[in-house]
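Peer 1: Dropping in input_39.cif, which is mmCIF, C-alpha atoms:
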```
data_start
loop_
_atom_site.label_atom_id
_atom_site.label_comp_id
_atom_site.auth_asym_id
_atom_site.auth_seq_id
_atom_site.Cartn_x
_atom_site.Cartn_y
_atom_site.Cartn_z
CA MET T 1 -14.55 28.42 -6.50
CA LYS T 2 -11.08 26.91 -6.96
CA TYR T 3 -10.81 25.88 -3.32
CA LEU T 4 -14.36 24.57 -3.24
CA LYS T 5 -13.67 22.31 -6.21
CA GLN T 6 -10.39 21.05 -4.75
CA PHE T 7 -11.92 20.35 -1.36
CA CYS T 8 -14.86 18.64 -3.03
CA ILE T 9 -12.58 16.25 -4.93
CA ILE T 10 -10.63 15.33 -1.79
CA ILE T 11 -13.74 14.79 0.33
CA ALA T 12 -15.42 12.76 -2.44
CA ILE T 13 -12.38 10.46 -2.54
CA SER T 14 -12.47 10.17 1.27
CA PHE T 15 -16.12 9.17 1.07
CA THR T 16 -15.40 6.61 -1.65
CA GLY T 17 -12.68 5.22 0.62
CA GLU T 18 -15.20 4.91 3.43
CA ILE T 19 -17.62 3.04 1.18
CA LEU T 20 -14.89 0.60 0.10
CA ASN T 21 -13.87 0.11 3.73
CA ARG T 22 -17.49 -0.77 4.55
CA LEU T 23 -17.98 -3.09 1.56
CA ILE T 24 -14.67 -4.97 1.51
CA PRO T 25 -14.13 -7.20 4.55
CA LEU T 26 -10.43 -6.35 5.01
CA PRO T 27 -8.81 -4.33 7.84
CA ILE T 28 -7.87 -1.58 5.35
CA PRO T 29 -9.02 1.93 6.33
CA ALA T 30 -10.63 4.58 4.13
CA SER T 31 -7.41 6.61 4.06
CA ILE T 32 -5.39 3.82 2.42
CA TYR T 33 -8.05 3.21 -0.24
CA GLY T 34 -8.15 6.99 -0.70
CA ILE T 35 -4.39 7.37 -1.29
CA VAL T 36 -4.51 4.59 -3.88
CA ILE T 37 -7.57 6.15 -5.60
CA LEU T 38 -6.11 9.68 -5.75
CA PHE T 39 -2.73 8.33 -6.87
CA THR T 40 -4.37 6.29 -9.63
CA LEU T 41 -6.50 9.25 -10.76
CA LEU T 42 -3.36 11.42 -10.94
CA CYS T 43 -1.39 8.76 -12.86
CA THR T 44 -4.20 8.24 -15.37
CA LYS T 45 -4.54 12.05 -15.73
CA VAL T 46 -8.23 11.95 -14.80
CA ILE T 47 -7.29 14.54 -12.16
CA LYS T 48 -4.47 17.03 -12.64
CA VAL T 49 -2.22 18.04 -9.75
CA SER T 50 -3.51 21.60 -10.24
CA ASP T 51 -7.03 20.32 -9.42
CA VAL T 52 -6.01 19.57 -5.83
CA ARG T 53 -2.71 21.39 -5.27
CA GLU T 54 -3.56 24.25 -2.87
CA VAL T 55 -5.98 22.39 -0.60
CA SER T 56 -3.81 19.29 -0.40
CA LYS T 57 -0.79 21.41 0.44
CA PHE T 58 -2.74 23.17 3.18
CA LEU T 59 -4.10 19.92 4.66
CA ILE T 60 -0.67 18.26 4.71
CA GLU T 61 0.79 21.34 6.36
CA ILE T 62 -1.71 21.38 9.24
CA MET T 63 -1.73 17.57 9.57
CA PRO T 64 0.35 17.45 12.78
CA ILE T 65 -2.41 19.34 14.63
CA MET T 66 -4.94 16.64 13.72
CA PHE T 67 -3.01 14.04 15.72
CA VAL T 68 -3.35 15.99 18.96
CA PRO T 69 -6.98 15.07 19.82
CA PRO T 70 -6.58 11.28 19.35
CA ALA T 71 -3.22 11.40 21.14
CA ALA T 72 -4.79 13.16 24.12
CA GLY T 73 -6.94 10.01 24.31
CA LEU T 74 -3.92 8.42 26.01
CA LEU T 75 -5.58 9.95 29.08
CA GLU T 76 -8.37 7.37 28.72
CA THR T 77 -6.18 4.30 28.11
CA TRP T 78 -3.80 5.25 30.93
CA GLY T 79 -5.59 2.92 33.37
CA ILE T 80 -5.12 -0.22 31.26
CA VAL T 81 -1.58 0.59 30.12
CA GLN T 82 -0.33 1.36 33.64
CA THR T 83 0.12 -2.30 34.69
CA GLY T 84 2.84 -3.10 32.16
CA LEU T 85 4.01 0.47 31.62
CA TRP T 86 7.80 0.00 31.73
CA GLN T 87 7.81 -3.13 29.61
CA TYR T 88 5.49 -1.51 27.08
CA LEU T 89 7.51 1.69 26.97
CA LEU T 90 10.84 -0.13 26.60
CA LEU T 91 9.48 -2.26 23.75
CA THR T 92 8.04 0.78 21.98
CA VAL T 93 11.13 2.98 22.23
CA ILE T 94 13.64 0.29 21.24
CA SER T 95 11.66 -1.16 18.38
CA THR T 96 10.89 2.30 16.91
CA VAL T 97 14.61 3.16 16.81
CA VAL T 98 15.65 -0.30 15.53
CA VAL T 99 13.02 -0.38 12.76
CA MET T 100 13.98 3.14 11.68
CA ALA T 101 17.70 2.28 11.59
CA VAL T 102 17.31 -1.09 9.83
CA SER T 103 14.87 0.04 7.12
CA GLY T 104 16.89 3.21 6.43
CA LEU T 105 20.24 1.43 6.29
CA VAL T 106 18.94 -1.41 4.09
CA THR T 107 17.46 1.13 1.65
CA GLN T 108 20.68 3.11 1.56
CA LEU T 109 22.76 -0.04 1.03
CA VAL T 110 20.65 -1.20 -1.92
CA ILE T 111 20.80 2.28 -3.48
CA LYS T 112 24.60 2.32 -3.15
CA ILE T 113 25.00 -1.17 -4.63
CA GLY T 114 22.73 -0.19 -7.53
CA GLY T 115 24.73 3.01 -8.07
CA LYS T 116 28.01 1.09 -8.29
CA ARG T 117 26.54 -1.35 -10.79
CA ASP T 118 25.30 1.54 -12.95
CA ASN T 119 28.77 3.04 -12.99
CA LYS T 120 30.30 -0.25 -14.13
CA ASN T 121 27.76 -0.62 -16.94
CA GLU T 122 28.60 2.84 -18.19
CA MET I 1 -18.66 23.76 34.11
CA SER I 2 -18.38 20.48 32.21
CA GLU I 3 -21.89 21.05 30.90
CA PHE I 4 -20.87 24.27 29.24
CA PHE I 5 -17.79 22.66 27.70
CA GLN I 6 -19.98 19.88 26.45
CA SER I 7 -22.37 22.24 24.69
CA SER I 8 -19.60 24.46 23.34
CA VAL I 9 -18.89 23.79 19.68
CA PHE I 10 -15.49 25.45 19.65
CA PHE I 11 -13.90 24.55 23.01
CA GLY I 12 -12.13 21.38 21.79
CA THR I 13 -10.96 22.96 18.55
CA MET I 14 -9.75 26.13 20.28
CA LEU I 15 -7.85 24.21 22.95
CA THR I 16 -6.16 22.03 20.32
CA LEU I 17 -5.09 24.96 18.12
CA PHE I 18 -3.93 26.98 21.12
CA ALA I 19 -1.92 24.04 22.52
CA TYR I 20 -0.26 23.38 19.17
CA GLY I 21 0.52 27.09 18.81
CA VAL I 22 2.31 27.05 22.16
CA GLY I 23 4.12 23.89 21.01
CA LEU I 24 5.35 25.60 17.84
CA LEU I 25 6.45 28.64 19.83
CA CYS I 26 8.48 26.43 22.20
CA LYS I 27 10.07 24.60 19.28
CA ASN I 28 11.07 27.82 17.50
CA LYS I 29 12.40 29.44 20.67
CA LEU I 30 14.20 26.45 22.18
CA LYS I 31 15.25 24.43 19.11
CA LEU I 32 15.50 21.06 20.88
CA ALA I 33 13.99 17.80 19.61
CA VAL I 34 12.42 17.22 23.05
CA PHE I 35 10.26 20.29 22.48
CA ASN I 36 8.24 18.59 19.80
CA PRO I 37 5.12 20.66 19.04
CA ILE I 38 2.82 17.60 18.94
CA LEU I 39 4.14 16.34 22.28
CA ILE I 40 3.84 19.76 23.93
CA ALA I 41 0.31 20.18 22.56
CA ILE I 42 -0.73 16.75 23.96
CA VAL I 43 0.70 17.60 27.38
CA ILE I 44 -1.11 20.97 27.44
CA VAL I 45 -4.43 19.47 26.33
CA ILE I 46 -4.25 16.66 28.92
CA GLY I 47 -3.21 19.21 31.57
CA VAL I 48 -6.13 21.53 30.82
CA LEU I 49 -8.61 18.62 30.80
CA LEU I 50 -7.34 17.42 34.19
CA VAL I 51 -7.26 20.88 35.81
CA PHE I 52 -10.73 21.88 34.61
CA LYS I 53 -12.11 18.36 35.16
CA VAL I 54 -13.34 18.03 31.58
CA ASP I 55 -13.54 14.38 30.56
CA TYR I 56 -11.91 13.22 27.34
CA PRO I 57 -15.08 12.36 25.37
CA THR I 58 -16.34 15.92 25.99
CA TYR I 59 -13.14 17.36 24.54
CA ALA I 60 -13.00 14.82 21.71
CA GLN I 61 -16.56 15.69 20.71
CA GLY I 62 -15.49 19.28 20.00
CA ALA I 63 -12.06 18.42 18.61
CA LYS I 64 -13.72 16.07 16.10
CA PHE I 65 -13.68 18.92 13.58
CA ILE I 66 -9.91 18.69 13.57
CA SER I 67 -9.29 14.97 13.99
CA SER I 68 -11.79 13.89 11.35
CA MET I 69 -9.62 15.65 8.77
CA ILE I 70 -6.89 13.00 9.22
CA THR I 71 -8.39 10.78 6.50
CA PRO I 72 -8.64 13.49 3.78
CA SER I 73 -5.17 14.77 4.70
CA THR I 74 -3.62 11.31 4.53
CA ILE I 75 -5.20 10.91 1.09
CA CYS I 76 -3.54 14.17 0.03
CA LEU I 77 -0.16 12.48 0.56
CA ALA I 78 -0.82 10.93 -2.87
CA VAL I 79 0.03 14.32 -4.41
CA PRO I 80 3.72 14.50 -3.34
CA LEU I 81 3.88 10.77 -4.06
CA TYR I 82 2.79 11.39 -7.65
CA GLU I 83 5.07 14.39 -8.07
CA ARG I 84 8.07 12.28 -7.07
CA LEU I 85 7.11 9.26 -9.13
CA SER I 86 10.41 9.28 -11.07
CA VAL I 87 12.42 9.02 -7.83
CA LEU I 88 10.25 6.10 -6.69
CA LYS I 89 10.59 4.29 -10.02
CA LYS I 90 14.34 4.77 -10.07
CA ASN I 91 14.77 3.37 -6.55
CA TYR I 92 12.03 0.76 -6.49
CA LYS I 93 14.32 -2.13 -5.52
CA ALA I 94 15.80 -0.25 -2.58
CA ILE I 95 12.34 0.89 -1.50
CA ILE I 96 10.89 -2.63 -1.53
CA ALA I 97 13.95 -4.02 0.28
CA GLY I 98 13.87 -1.24 2.88
CA ILE I 99 10.18 -1.45 3.72
CA THR I 100 10.14 -5.27 3.82
CA SER I 101 13.17 -5.35 6.12
CA GLY I 102 11.57 -2.73 8.35
CA VAL I 103 8.26 -4.60 8.65
CA LEU I 104 10.04 -7.89 9.43
CA THR I 105 12.28 -6.16 11.98
CA SER I 106 9.25 -4.66 13.70
CA LEU I 107 7.43 -8.01 13.94
CA LEU I 108 10.58 -9.88 15.05
CA ASN I 109 11.30 -7.22 17.64
CA VAL I 110 7.84 -7.55 19.19
CA TRP I 111 8.17 -11.35 19.17
CA VAL I 112 11.55 -11.26 20.97
CA PHE I 113 10.31 -8.76 23.56
CA ALA I 114 7.15 -10.80 24.09
CA LEU I 115 9.27 -13.91 24.77
CA VAL I 116 11.57 -12.03 27.16
CA PHE I 117 8.72 -10.38 29.08
CA GLY I 118 6.50 -13.47 28.97
CA PHE I 119 3.56 -11.73 27.26
CA SER I 120 0.23 -13.50 26.86
CA HIS I 121 -1.07 -14.05 23.32
CA ALA I 122 -3.42 -11.06 23.71
CA GLU I 123 -0.59 -8.76 24.85
CA TYR I 124 1.70 -10.04 22.07
CA VAL I 125 -0.72 -9.42 19.20
CA THR I 126 -1.59 -6.01 20.69
CA PHE I 127 1.96 -4.88 19.86
CA LEU I 128 2.44 -6.57 16.46
CA PRO I 129 0.90 -3.67 14.45
CA LYS I 130 2.69 -0.97 16.49
CA SER I 131 4.58 0.67 13.60
CA ILE I 132 1.68 1.14 11.19
CA THR I 133 -1.11 3.66 10.82
CA THR I 134 -3.73 3.62 13.64
CA ALA I 135 -6.65 2.92 11.34
CA ILE I 136 -5.12 -0.37 10.12
CA GLY I 137 -3.31 -1.26 13.33
CA MET I 138 -6.23 -1.00 15.73
CA GLY I 139 -8.52 -3.17 13.63
CA LEU I 140 -5.77 -5.70 12.99
CA SER I 141 -4.94 -6.01 16.68
CA GLU I 142 -8.58 -6.64 17.59
CA GLU I 143 -8.97 -9.16 14.82
CA LEU I 144 -5.98 -11.15 16.11
CA GLY I 145 -7.37 -11.04 19.66
CA GLY I 146 -5.49 -8.04 21.07
CA TYR I 147 -6.55 -4.90 22.96
CA GLY I 148 -7.39 -2.28 20.32
CA ALA I 149 -7.26 0.65 22.75
CA ILE I 150 -3.72 -0.24 23.90
CA THR I 151 -2.62 -0.75 20.29
CA ALA I 152 -3.93 2.73 19.45
CA ALA I 153 -2.02 4.21 22.39
CA VAL I 154 1.20 2.39 21.45
CA ILE I 155 0.87 3.45 17.80
CA ILE I 156 0.48 7.08 18.86
CA ILE I 157 3.50 6.90 21.19
CA THR I 158 5.49 5.26 18.37
CA GLY I 159 4.45 8.14 16.10
CA ILE I 160 5.52 10.81 18.59
CA LEU I 161 8.84 9.03 19.19
CA GLY I 162 9.47 8.64 15.45
CA ASN I 163 8.66 12.28 14.84
CA MET I 164 10.98 13.37 17.66
CA MET I 165 13.91 11.07 16.97
CA ALA I 166 13.96 10.93 13.15
CA GLU I 167 16.69 13.52 12.70
CA PHE I 168 18.77 12.07 15.54
CA VAL I 169 18.57 8.43 14.37
CA CYS I 170 19.35 9.37 10.75
CA ARG I 171 22.40 11.32 11.89
CA ILE I 172 23.73 8.61 14.22
CA CYS I 173 23.25 5.84 11.62
CA ARG I 174 24.61 8.04 8.83
CA ILE I 175 21.45 7.70 6.79
CA THR I 176 21.95 10.54 4.30
CA GLU I 177 20.04 9.46 1.16
CA PRO I 178 16.67 11.29 1.12
CA VAL I 179 14.95 8.11 -0.12
CA ALA I 180 16.45 6.07 2.74
CA LYS I 181 15.41 8.71 5.29
CA GLY I 182 11.84 8.62 4.00
CA ILE I 183 11.68 4.82 4.18
CA ALA I 184 13.14 4.82 7.69
CA ILE I 185 10.61 7.34 8.96
CA GLY I 186 7.49 6.08 7.18
CA THR I 187 8.12 2.41 7.95
CA SER I 188 8.86 2.99 11.64
CA SER I 189 6.39 5.72 12.52
CA HIS I 190 3.53 6.01 9.98
CA ALA I 191 1.79 9.36 9.32
CA MET I 192 3.02 11.13 12.47
CA GLY I 193 6.60 10.47 11.40
CA THR I 194 5.76 11.39 7.80
CA VAL I 195 4.87 14.88 8.99
CA LYS I 196 8.51 15.22 10.03
CA ALA I 197 9.72 13.68 6.75
CA MET I 198 7.68 16.34 4.88
CA GLU I 199 9.56 19.03 6.83
CA MET I 200 12.90 17.45 5.85
CA GLY I 201 12.14 17.54 2.13
CA GLU I 202 9.75 16.66 -0.69
CA THR I 203 11.49 13.39 -1.55
CA GLU I 204 11.66 12.29 2.09
CA GLY I 205 7.96 13.09 2.49
CA ALA I 206 6.87 11.32 -0.68
CA VAL I 207 8.83 8.16 0.10
CA SER I 208 7.61 8.20 3.70
CA SER I 209 4.00 8.45 2.45
CA LEU I 210 4.53 5.43 0.23
CA SER I 211 5.98 3.54 3.20
CA ILE I 212 2.79 4.10 5.23
CA VAL I 213 0.75 2.31 2.60
CA VAL I 214 3.17 -0.52 1.79
CA ALA I 215 4.26 -1.16 5.40
CA GLY I 216 0.63 -1.11 6.51
CA LEU I 217 -0.43 -3.73 3.98
CA LEU I 218 2.67 -5.92 4.50
CA THR I 219 2.05 -5.85 8.25
CA VAL I 220 -1.53 -7.08 7.77
CA VAL I 221 -0.09 -10.17 6.07
CA GLY I 222 2.99 -10.51 8.30
CA ALA I 223 1.18 -10.04 11.63
CA GLY I 224 -1.29 -12.78 10.68
CA ALA I 225 1.65 -15.20 10.35
CA PHE I 226 3.52 -13.95 13.42
CA ALA I 227 0.38 -14.19 15.55
CA GLN I 228 0.76 -18.01 15.44
CA PHE I 229 4.10 -17.88 17.27
CA ILE I 230 2.84 -17.16 20.80
#
```
What does this structure look like when you write it as structure tokens?

Peer 2:
Amino acid sequence: MKYLKQFCIIIAISFTGEILNRLIPLPIPASIYGIVILFTLLCTKVIKVSDVREVSKFLIEIMPIMFVPPAAGLLETWGIVQTGLWQYLLLTVISTVVVMAVSGLVTQLVIKIGGKRDNKNE
Amino acid sequence: MSEFFQSSVFFGTMLTLFAYGVGLLCKNKLKLAVFNPILIAIVIVIGVLLVFKVDYPTYAQGAKFISSMITPSTICLAVPLYERLSVLKKNYKAIIAGITSGVLTSLLNVWVFALVFGFSHAEYVTFLPKSITTAIGMGLSEELGGYGAITAAVIIITGILGNMMAEFVCRICRITEPVAKGIAIGTSSHAMGTVKAMEMGETEGAVSSLSIVVAGLLTVVGAGAFAQFI
């Protein structure tokens, strides 16, 4: 019963997300509406973490597997991508690393500056 | 043969689970970032489809049971996000600065590459949403006049790369703060990277989840502006 209830809550939120995605003319997917809805419900204590804990933990744990089928779809796009393959690949690899480094370092820098200021105030 | 595969309810699901299982086994035995379970699973699935001449839609039809759970699972990321709310509140300035810088870097990077390689407008806007979640990125690309299918492929490759290289990049750049690691991973490689962040720790995972949402929405706004440049 516990798992049924938890799964029900999560699927109901997914469905609500789908409805919003259909009704609101913005390129925002059901999953993003869903995160915001669940997060809001948790913050306002309408739903307790214990109402979704086990199922959400399980779903997050097996999440990597879910990316395999869409990724295998690269097989289908191969034909179109082939023409500019090296350029596309170079762009993708470099920008992934650069974005990761920049966003991480900026975050770390701001945290460190904030930490120093806190120490001074104390 | 293809007919049987087509009518089989469990072929796609079984192949996916089996391939991922082999991927996990390789990772645990060989302990190298190159042996990423997602990457290995993709290679095995594509290999099996090619060898047995099963076309992708046939496989995808069966594997739908697995892939359609992406939306509910992404929504579940709200739980760790909520549980780490105090960390997010405490570091909100750094988080906003980090994600914004990451989104701008991504857009600028695509713009520079597009200039260097002489991309057409369609090619250029295809790459603008490359760092964000597929569901937003694909639609955004098409709306700006790009090729949605290529965007989806690039987003997936970005995700695999982010998942594989997260630990390496964080080590090389001396990114040690869990919050900073989470921002780096979520902003650069959406949900596929976040899976790795979750493995690194609860804080990393929560912050990475937040980055998917914020970076996705900022990119919708930013890409609209950047699309005017070429």

Peer 1: Using all atoms listed in the file, find the one residue out of I:Gly222, I:Gly98, I:Gly21, I:Gly201 that sits nearest to chain T.

Peer 2: I:Gly98

Peer 1: Env of Thr16 in chain T: 10 Å cut, atoms = all atoms listed in the file, seq-sep filter 6 positions within chain, self excluded. Answer as a ChimeraX atom specification.

Peer 2: /T:10,22,30-31,33-34,37

Peer 1: So that I can see what lies close to Glu54 in chain T, please list as a list in words the residues with an atom at most 12 Å from it, counting all atoms listed in the file and leaving out residues fewer than 6 positions away in the same chain.

Peer 2: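 So the residues in contact are Lys2, Tyr3, Leu4, Lys5, Gln6, Phe7, Ile10, Ile60 and Glu61 of chain T; Cys76 and Val79 of chain I.
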
Peer 1: Restrict the calculation to all atoms listed in the file, then for each residue of chain T with any atom at most 6 Å from an atom of chain I give the closest atom pair and their distance in Å to one decimal, rows by chain and rising residue number, as CSV.

Peer 2:
```
residue,atom,partner,partner_atom,distance
T:Ser14,CA,I:Pro72,CA,5.7
T:Pro27,CA,I:Ile136,CA,5.9
T:Ile28,CA,I:Ile136,CA,5.6
T:Pro29,CA,I:Ala135,CA,5.6
T:Ser31,CA,I:Thr71,CA,4.9
T:Gly34,CA,I:Ile75,CA,5.2
T:Ile35,CA,I:Ile75,CA,4.3
T:Phe39,CA,I:Ala78,CA,5.1
T:Ser56,CA,I:Cys76,CA,5.1
T:Leu59,CA,I:Ser73,CA,5.3
T:Ile60,CA,I:Ser73,CA,5.7
T:Met66,CA,I:Ser67,CA,4.7
T:Val68,CA,I:Ile42,CA,5.7
T:Ala72,CA,I:Ile42,CA,5.4
T:Leu74,CA,I:Ala153,CA,5.9
T:Thr96,CA,I:Ser188,CA,5.7
T:Val99,CA,I:Gly102,CA,5.2
T:Met100,CA,I:Ala184,CA,4.4
T:Ser103,CA,I:Gly102,CA,4.5
T:Gly104,CA,I:Ala184,CA,4.3
T:Val106,CA,I:Gly98,CA,5.2
T:Thr107,CA,I:Gly98,CA,4.5
T:Gln108,CA,I:Ala180,CA,5.3
T:Val110,CA,I:Ala94,CA,5.0
T:Ile111,CA,I:Ala94,CA,5.7
```

Peer 1: Could you check how far CA of Leu38 in chain T sits from CA of Met200 in chain I, in Å to one decimal?

Peer 2: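 Spanning CA of Leu38 in chain T to CA of Met200 in chain I is a straight-line distance of 23.6 Å.
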
Peer 1: What is the distance, in Å and to one decimal place, between CA of Val54 in chain I and CA of Phe11 in chain I?

Peer 2: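 So the answer is 10.8 Å.
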
Peer 1: Using only C-alpha atoms, pick whichever of I:Ala197, I:Asn28, I:Ala223, I:Gly118 has the shortest atom-to-atom distance to Gly146 in chain I.

Peer 2: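 So, comparing all the options, the nearest one is I:Ala223.
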
Peer 1: One decimal, Å: what's the distance from CA of Phe226 in chain I over to CA of Leu85 in chain T, could you say?

Peer 2: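 Result for CA of Phe226 in chain I versus CA of Leu85 in chain T: 23.2 Å, one decimal.
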
Peer 1: Counting only C-alpha atoms, which of T:Leu109, T:Leu89, T:Ile9, T:Val98 gets nearest to Val46 in chain T?

Peer 2: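 Under the stated criterion, the closest residue is T:Ile9.
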
Peer 1: Counting all atoms listed in the file, find residues at most 7 Å from (11.2, 11.9, -2.2) (file frame) and give them as a PyMOL selection string.

Peer 2: chain I and resi 84+87+178-179+202-207
